[in-house]
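What follows is the content of data_15.cif, which has mmCIF, C-alpha atoms:
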data_input
loop_
_atom_site.group_PDB
_atom_site.id
_atom_site.type_symbol
_atom_site.label_atom_id
_atom_site.label_comp_id
_atom_site.auth_asym_id
_atom_site.auth_seq_id
_atom_site.Cartn_x
_atom_site.Cartn_y
_atom_site.Cartn_z
ATOM 1 C CA ALA M 1388 -32.201 -5.213 -12.183
ATOM 2 C CA LYS M 1389 -28.931 -6.777 -11.079
ATOM 3 C CA GLU M 1390 -26.618 -7.980 -13.783
ATOM 4 C CA THR M 1391 -25.558 -11.581 -13.222
ATOM 5 C CA HIS M 1392 -24.127 -12.517 -16.621
ATOM 6 C CA ASP M 1393 -20.349 -12.366 -16.829
ATOM 7 C CA GLY M 1394 -19.227 -10.881 -20.095
ATOM 8 C CA PRO M 1395 -15.972 -9.122 -20.936
ATOM 9 C CA VAL M 1396 -16.509 -7.299 -17.643
ATOM 10 C CA PRO M 1397 -17.491 -9.495 -14.667
ATOM 11 C CA ALA M 1398 -21.034 -8.966 -13.407
ATOM 12 C CA GLY M 1399 -21.456 -6.926 -10.254
ATOM 13 C CA GLN M 1400 -22.920 -9.919 -8.433
ATOM 14 C CA SER M 1401 -19.834 -11.997 -9.283
ATOM 15 C CA VAL M 1402 -17.492 -9.314 -8.004
ATOM 16 C CA ALA M 1403 -19.587 -8.792 -4.863
ATOM 17 C CA LEU M 1404 -19.582 -12.515 -4.097
ATOM 18 C CA MET M 1405 -15.808 -12.866 -4.471
ATOM 19 C CA ASN M 1406 -15.186 -9.703 -2.431
ATOM 20 C CA LEU M 1407 -17.429 -10.933 0.393
ATOM 21 C CA LEU M 1408 -15.585 -14.247 0.439
ATOM 22 C CA ARG M 1409 -12.079 -12.800 0.352
ATOM 23 C CA LEU M 1410 -12.808 -10.138 2.958
ATOM 24 C CA GLY M 1411 -14.680 -12.650 5.107
ATOM 25 C CA TYR M 1412 -11.585 -14.867 5.204
ATOM 26 C CA ILE M 1413 -9.079 -12.020 5.576
ATOM 27 C CA LEU M 1414 -10.950 -10.343 8.436
ATOM 28 C CA GLU M 1415 -12.373 -13.581 9.895
ATOM 29 C CA ARG M 1416 -15.949 -12.362 9.504
ATOM 30 C CA PRO M 1417 -18.308 -15.366 9.551
ATOM 31 C CA ASP M 1418 -21.261 -13.036 8.999
ATOM 32 C CA TRP M 1419 -19.793 -11.943 5.649
ATOM 33 C CA LEU M 1420 -19.140 -15.575 4.698
ATOM 34 C CA GLU M 1421 -22.784 -16.359 5.515
ATOM 35 C CA LYS M 1422 -23.921 -13.462 3.308
ATOM 36 C CA ALA M 1423 -21.718 -14.796 0.522
ATOM 37 C CA GLU M 1424 -23.297 -18.233 0.889
ATOM 38 C CA THR M 1425 -26.767 -16.685 0.739
ATOM 39 C CA LEU M 1426 -25.827 -14.752 -2.400
ATOM 40 C CA ALA M 1427 -24.388 -17.897 -4.016
ATOM 41 C CA ARG M 1428 -27.605 -19.803 -3.275
ATOM 42 C CA LEU M 1429 -29.649 -16.991 -4.831
ATOM 43 C CA LEU M 1430 -27.503 -17.143 -7.968
ATOM 44 C CA ALA M 1431 -27.332 -20.955 -8.183
ATOM 45 C CA GLU M 1432 -30.227 -21.260 -10.634
ATOM 46 C CA GLN M 1433 -28.629 -18.781 -13.011
ATOM 47 C CA ILE M 1434 -25.341 -20.694 -12.838
ATOM 48 C CA LYS M 1435 -27.175 -23.903 -13.731
ATOM 49 C CA ARG M 1436 -28.948 -22.238 -16.675
ATOM 50 C CA THR M 1437 -25.927 -20.458 -18.143
ATOM 51 C CA PRO M 1438 -22.672 -21.832 -16.735
ATOM 52 C CA PHE M 1439 -20.640 -20.439 -19.628
ATOM 53 C CA GLY M 1440 -21.957 -16.967 -18.846
ATOM 54 C CA SER M 1441 -21.153 -17.361 -15.157
ATOM 55 C CA GLU M 1442 -17.396 -17.853 -15.147
ATOM 56 C CA ARG M 1443 -16.641 -15.420 -12.301
ATOM 57 C CA LEU M 1444 -19.588 -16.704 -10.278
ATOM 58 C CA LEU M 1445 -18.256 -20.240 -10.698
ATOM 59 C CA ALA M 1446 -14.780 -19.080 -9.669
ATOM 60 C CA ALA M 1447 -16.250 -17.545 -6.509
ATOM 61 C CA VAL M 1448 -18.170 -20.736 -5.709
ATOM 62 C CA ASP M 1449 -14.991 -22.758 -6.258
ATOM 63 C CA PHE M 1450 -13.142 -20.383 -3.936
ATOM 64 C CA ALA M 1451 -15.861 -20.781 -1.298
ATOM 65 C CA LEU M 1452 -15.745 -24.574 -1.367
ATOM 66 C CA GLY M 1453 -12.067 -24.954 -0.549
ATOM 67 C CA PRO M 1454 -9.998 -24.208 2.482
ATOM 68 C CA PRO M 1455 -8.827 -20.609 2.411
ATOM 69 C CA ARG M 1456 -5.224 -20.361 1.257
ATOM 70 C CA GLN M 1457 -3.279 -17.227 2.099
ATOM 71 C CA VAL M 1458 0.132 -15.685 1.615
ATOM 72 C CA VAL M 1459 1.344 -12.854 3.818
ATOM 73 C CA ILE M 1460 4.356 -10.865 2.667
ATOM 74 C CA LEU M 1461 6.019 -8.394 5.004
ATOM 75 C CA GLY M 1462 8.317 -5.786 3.490
ATOM 76 C CA SER M 1463 8.490 -2.465 1.741
ATOM 77 C CA LEU M 1464 7.325 -2.374 -1.870
ATOM 78 C CA ALA M 1465 10.397 -0.228 -2.568
ATOM 79 C CA ASN M 1466 12.609 -3.182 -1.590
ATOM 80 C CA PRO M 1467 13.552 -5.446 -4.526
ATOM 81 C CA ASP M 1468 13.497 -8.472 -2.190
ATOM 82 C CA THR M 1469 9.835 -7.792 -1.358
ATOM 83 C CA ARG M 1470 9.010 -7.470 -5.040
ATOM 84 C CA ALA M 1471 10.841 -10.755 -5.718
ATOM 85 C CA LEU M 1472 8.620 -12.519 -3.153
ATOM 86 C CA ILE M 1473 5.480 -11.011 -4.713
ATOM 87 C CA GLU M 1474 6.618 -12.048 -8.210
ATOM 88 C CA THR M 1475 7.227 -15.576 -6.906
ATOM 89 C CA VAL M 1476 3.666 -15.781 -5.586
ATOM 90 C CA HIS M 1477 2.385 -14.872 -9.051
ATOM 91 C CA ARG M 1478 4.438 -17.666 -10.658
ATOM 92 C CA VAL M 1479 2.080 -20.288 -9.202
ATOM 93 C CA TYR M 1480 -1.475 -20.081 -10.524
ATOM 94 C CA ASP M 1481 -3.934 -20.406 -7.672
ATOM 95 C CA PRO M 1482 -7.180 -18.453 -8.034
ATOM 96 C CA GLY M 1483 -8.209 -19.616 -4.558
ATOM 97 C CA ARG M 1484 -5.429 -17.752 -2.801
ATOM 98 C CA VAL M 1485 -5.557 -14.469 -0.910
ATOM 99 C CA VAL M 1486 -2.355 -12.414 -0.836
ATOM 100 C CA LEU M 1487 -1.703 -9.723 1.755
ATOM 101 C CA VAL M 1488 1.334 -7.430 1.609
ATOM 102 C CA LEU M 1489 2.210 -5.252 4.593
ATOM 103 C CA ASP M 1490 5.038 -2.798 4.982
ATOM 104 C CA PRO M 1491 5.870 -3.044 8.709
ATOM 105 C CA ALA M 1492 7.320 0.475 8.583
ATOM 106 C CA SER M 1493 4.046 1.932 7.317
ATOM 107 C CA PRO M 1494 2.341 4.364 9.712
ATOM 108 C CA THR M 1495 -0.808 2.216 9.478
ATOM 109 C CA ALA M 1496 0.925 -1.159 9.985
ATOM 110 C CA ASP M 1497 -0.156 -1.485 13.635
ATOM 111 C CA THR M 1498 -3.776 -0.775 12.724
ATOM 112 C CA TRP M 1499 -3.681 -3.379 9.968
ATOM 113 C CA ARG M 1500 -2.201 -5.930 12.388
ATOM 114 C CA ARG M 1501 -4.930 -5.226 14.955
ATOM 115 C CA GLU M 1502 -7.762 -5.370 12.425
ATOM 116 C CA THR M 1503 -6.518 -8.308 10.348
ATOM 117 C CA PRO M 1504 -6.053 -11.541 12.302
ATOM 118 C CA LEU M 1505 -3.926 -13.090 9.564
ATOM 119 C CA LEU M 1506 -1.304 -10.338 10.029
ATOM 120 C CA SER M 1507 -1.204 -10.594 13.811
ATOM 121 C CA GLY M 1508 2.085 -11.760 15.293
ATOM 122 C CA LYS M 1509 3.942 -11.991 11.990
ATOM 123 C CA THR M 1510 7.391 -10.411 11.831
ATOM 124 C CA MET M 1511 10.188 -10.252 9.306
ATOM 125 C CA ILE M 1512 13.151 -12.641 9.588
ATOM 126 C CA LYS M 1513 16.302 -10.709 10.510
ATOM 127 C CA GLY M 1514 14.747 -7.513 9.155
ATOM 128 C CA LYS M 1515 14.438 -8.959 5.635
ATOM 129 C CA PRO M 1516 11.222 -9.182 3.598
ATOM 130 C CA THR M 1517 9.451 -12.349 4.641
ATOM 131 C CA ALA M 1518 6.611 -14.523 3.337
ATOM 132 C CA PHE M 1519 4.214 -16.786 5.218
ATOM 133 C CA VAL M 1520 2.233 -19.454 3.347
ATOM 134 C CA CYS M 1521 -0.977 -20.325 5.176
ATOM 135 C CA CYS M 1522 -3.970 -22.609 4.795
ATOM 136 C CA ASN M 1523 -7.031 -22.385 7.048
ATOM 137 C CA MET M 1524 -5.242 -19.678 9.043
ATOM 138 C CA THR M 1525 -2.344 -22.031 9.894
ATOM 139 C CA CYS M 1526 0.987 -20.901 8.500
ATOM 140 C CA SER M 1527 4.149 -22.724 7.545
ATOM 141 C CA PRO M 1528 7.452 -21.373 8.875
ATOM 142 C CA PRO M 1529 8.343 -17.983 7.385
ATOM 143 C CA VAL M 1530 10.724 -17.767 4.426
ATOM 144 C CA ASN M 1531 12.592 -14.922 2.797
ATOM 145 C CA ASP M 1532 14.113 -16.786 -0.139
ATOM 146 C CA PRO M 1533 12.003 -16.761 -3.332
ATOM 147 C CA GLU M 1534 12.958 -20.354 -4.200
ATOM 148 C CA LEU M 1535 11.882 -21.615 -0.771
ATOM 149 C CA LEU M 1536 8.648 -19.647 -1.165
ATOM 150 C CA LEU M 1537 8.052 -21.213 -4.582
ATOM 151 C CA LYS M 1538 8.595 -24.689 -3.128
ATOM 152 C CA GLU M 1539 6.159 -23.969 -0.270
ATOM 153 C CA LEU M 1540 3.499 -22.599 -2.653
ATOM 154 C CA LYS M 1541 3.734 -25.677 -4.854
ATOM 155 C CA THR M 1542 3.595 -27.976 -1.821
ATOM 156 C CA GLN M 1543 0.483 -26.214 -0.549
ATOM 157 C CA LEU M 1544 -1.207 -26.485 -3.926
ATOM 158 C CA VAL M 1545 -0.479 -30.223 -4.107
ATOM 159 C CA GLN M 1546 -1.766 -30.737 -0.565
ATOM 160 C CA THR M 1547 -4.963 -28.815 -1.310
ATOM 161 C CA PRO M 1548 -5.437 -29.161 -5.082
ATOM 162 C CA SER M 1549 -8.258 -26.984 -6.336
ATOM 163 C CA GLY M 1550 -8.639 -25.899 -2.775
ATOM 164 C CA GLY M 1551 -8.959 -29.460 -1.524
ATOM 165 C CA ARG M 1552 -12.372 -29.764 -3.153
#
Same coordinates, now as structure tokens:
Amino acid sequence: AKETHDGPVPAGQSVALMNLLRLGYILERPDWLEKAETLARLLAEQIKRTPFGSERLLAAVDFALGPPRQVVILGSLANPDTRALIETVHRVYDPGRVVLVLDPASPTADTWRRETPLLSGKTMIKGKPTAFVCCNMTCSPPVNDPELLLKELKTQLVQTPSGGR
């Protein structure tokens, strides 16, 4: 039996669906997005019967319906400027957003760049922590000022409210 009812702890099916969607967008894996769509179709009847017990499933479906919105932050987590950019991202509620943080000095940074199309070609501005706000894999110019990042996040949300659905 597979638990599909979201209670205080999200059901495994809800978590699996959201993970397939997020990873499908991050890694540009259409096959994973197709599997997520199949899973959502299998769970559709349960959502119809008990929508109030399917909150995380509904959130995943909502995420799937909109254009993927992403933020890439480059910088060391030990750097307060990187942390300020991350905190700024969390100031704007957007459950349909994927956030990737990469420390370019990490020994695995090159592997992550090769394996993750969204990270490819992105570099820090003048060696400072930098953020890229993207929608449908198209990014706005990079910023390293938290206030400019906040403005860009709000602009993106207005341009694609609720994921543009």
Segment 1428-1434 of chain M environment, 10 Å, all atoms listed in the file, sequence neighbours closer than 4 positions dropped, as a PyMOL selection string:
chain M and resi 1391-1392+1400-1401+1404+1422-1424+1438-1442+1444-1445+1448
Could you list as a compact mmCIF listing (two decimals) with C-alpha atoms, in the frame of the given file every residue that has an atom within 12 Å of (2.7, -19.0, -11.0), using the file's coordinates and counting all atoms listed in the file?
# COMPACT_ATOMS: atom_id res chain seq x y z
CA LEU M 1472 8.62 -12.52 -3.15
CA ILE M 1473 5.48 -11.01 -4.71
CA GLU M 1474 6.62 -12.05 -8.21
CA THR M 1475 7.23 -15.58 -6.91
CA VAL M 1476 3.67 -15.78 -5.59
CA HIS M 1477 2.38 -14.87 -9.05
CA ARG M 1478 4.44 -17.67 -10.66
CA VAL M 1479 2.08 -20.29 -9.20
CA TYR M 1480 -1.48 -20.08 -10.52
CA ASP M 1481 -3.93 -20.41 -7.67
CA PRO M 1482 -7.18 -18.45 -8.03
CA ARG M 1484 -5.43 -17.75 -2.80
CA LEU M 1536 8.65 -19.65 -1.16
CA LEU M 1537 8.05 -21.21 -4.58
CA LYS M 1538 8.60 -24.69 -3.13
CA LEU M 1540 3.50 -22.60 -2.65
CA LYS M 1541 3.73 -25.68 -4.85
CA LEU M 1544 -1.21 -26.48 -3.93
All file atoms of segment 1511-1516 of chain M boxed axis-aligned, 8 Å per side, centre plus edges, as lines of an AutoDock Vina configuration file:
center_x = 13.2
center_y = -10.1
center_z = 7.1
size_x = 22.1
size_y = 21.1
size_z = 22.9
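If you look at atom CA of Val1458 of chain M and atom CA of Glu1534 of chain M, they are 14.8 Å away from each other.
Listed by chain and then by number, the residues chosen by the PyMOL selection byres ((chain M and resi 1516) around 6) in this file are Leu1461, Gly1462, Thr1469, Met1511, Lys1515, Thr1517 and Asn1531 of chain M.
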Step by step, work through what the PyMOL selection byres ((chain M and resi 1413) around 12) selects in the shown file, and finish by giving those residues as a PDB file with C-alpha atoms, keeping the file's coordinate frame.
ATOM      1  CA  ASN M1406     -15.186  -9.703  -2.431  1.00  0.00           C
ATOM      2  CA  LEU M1407     -17.429 -10.933   0.393  1.00  0.00           C
ATOM      3  CA  LEU M1408     -15.585 -14.247   0.439  1.00  0.00           C
ATOM      4  CA  ARG M1409     -12.079 -12.800   0.352  1.00  0.00           C
ATOM      5  CA  LEU M1410     -12.808 -10.138   2.958  1.00  0.00           C
ATOM      6  CA  GLY M1411     -14.680 -12.650   5.107  1.00  0.00           C
ATOM      7  CA  TYR M1412     -11.585 -14.867   5.204  1.00  0.00           C
ATOM      8  CA  LEU M1414     -10.950 -10.343   8.436  1.00  0.00           C
ATOM      9  CA  GLU M1415     -12.373 -13.581   9.895  1.00  0.00           C
ATOM     10  CA  ARG M1416     -15.949 -12.362   9.504  1.00  0.00           C
ATOM     11  CA  PRO M1417     -18.308 -15.366   9.551  1.00  0.00           C
ATOM     12  CA  TRP M1419     -19.793 -11.943   5.649  1.00  0.00           C
ATOM     13  CA  LEU M1420     -19.140 -15.575   4.698  1.00  0.00           C
ATOM     14  CA  PRO M1455      -8.827 -20.609   2.411  1.00  0.00           C
ATOM     15  CA  ARG M1456      -5.224 -20.361   1.257  1.00  0.00           C
ATOM     16  CA  GLN M1457      -3.279 -17.227   2.099  1.00  0.00           C
ATOM     17  CA  VAL M1458       0.132 -15.685   1.615  1.00  0.00           C
ATOM     18  CA  VAL M1459       1.344 -12.854   3.818  1.00  0.00           C
ATOM     19  CA  ARG M1484      -5.429 -17.752  -2.801  1.00  0.00           C
ATOM     20  CA  VAL M1485      -5.557 -14.469  -0.910  1.00  0.00           C
ATOM     21  CA  VAL M1486      -2.355 -12.414  -0.836  1.00  0.00           C
ATOM     22  CA  LEU M1487      -1.703  -9.723   1.755  1.00  0.00           C
ATOM     23  CA  TRP M1499      -3.681  -3.379   9.968  1.00  0.00           C
ATOM     24  CA  ARG M1500      -2.201  -5.930  12.388  1.00  0.00           C
ATOM     25  CA  GLU M1502      -7.762  -5.370  12.425  1.00  0.00           C
ATOM     26  CA  THR M1503      -6.518  -8.308  10.348  1.00  0.00           C
ATOM     27  CA  PRO M1504      -6.053 -11.541  12.302  1.00  0.00           C
ATOM     28  CA  LEU M1505      -3.926 -13.090   9.564  1.00  0.00           C
ATOM     29  CA  LEU M1506      -1.304 -10.338  10.029  1.00  0.00           C
ATOM     30  CA  SER M1507      -1.204 -10.594  13.811  1.00  0.00           C
ATOM     31  CA  CYS M1521      -0.977 -20.325   5.176  1.00  0.00           C
ATOM     32  CA  CYS M1522      -3.970 -22.609   4.795  1.00  0.00           C
ATOM     33  CA  ASN M1523      -7.031 -22.385   7.048  1.00  0.00           C
ATOM     34  CA  MET M1524      -5.242 -19.678   9.043  1.00  0.00           C
TER      35      MET M1524
END
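Reported to one decimal place, the separation of atom CA of Met1405 of chain M from atom CA of Leu1426 of chain M is 10.4 Å.
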Distance atom CA of Ala1447 of chain M-atom CA of Ala1403 of chain M, one decimal place?
9.5 Å
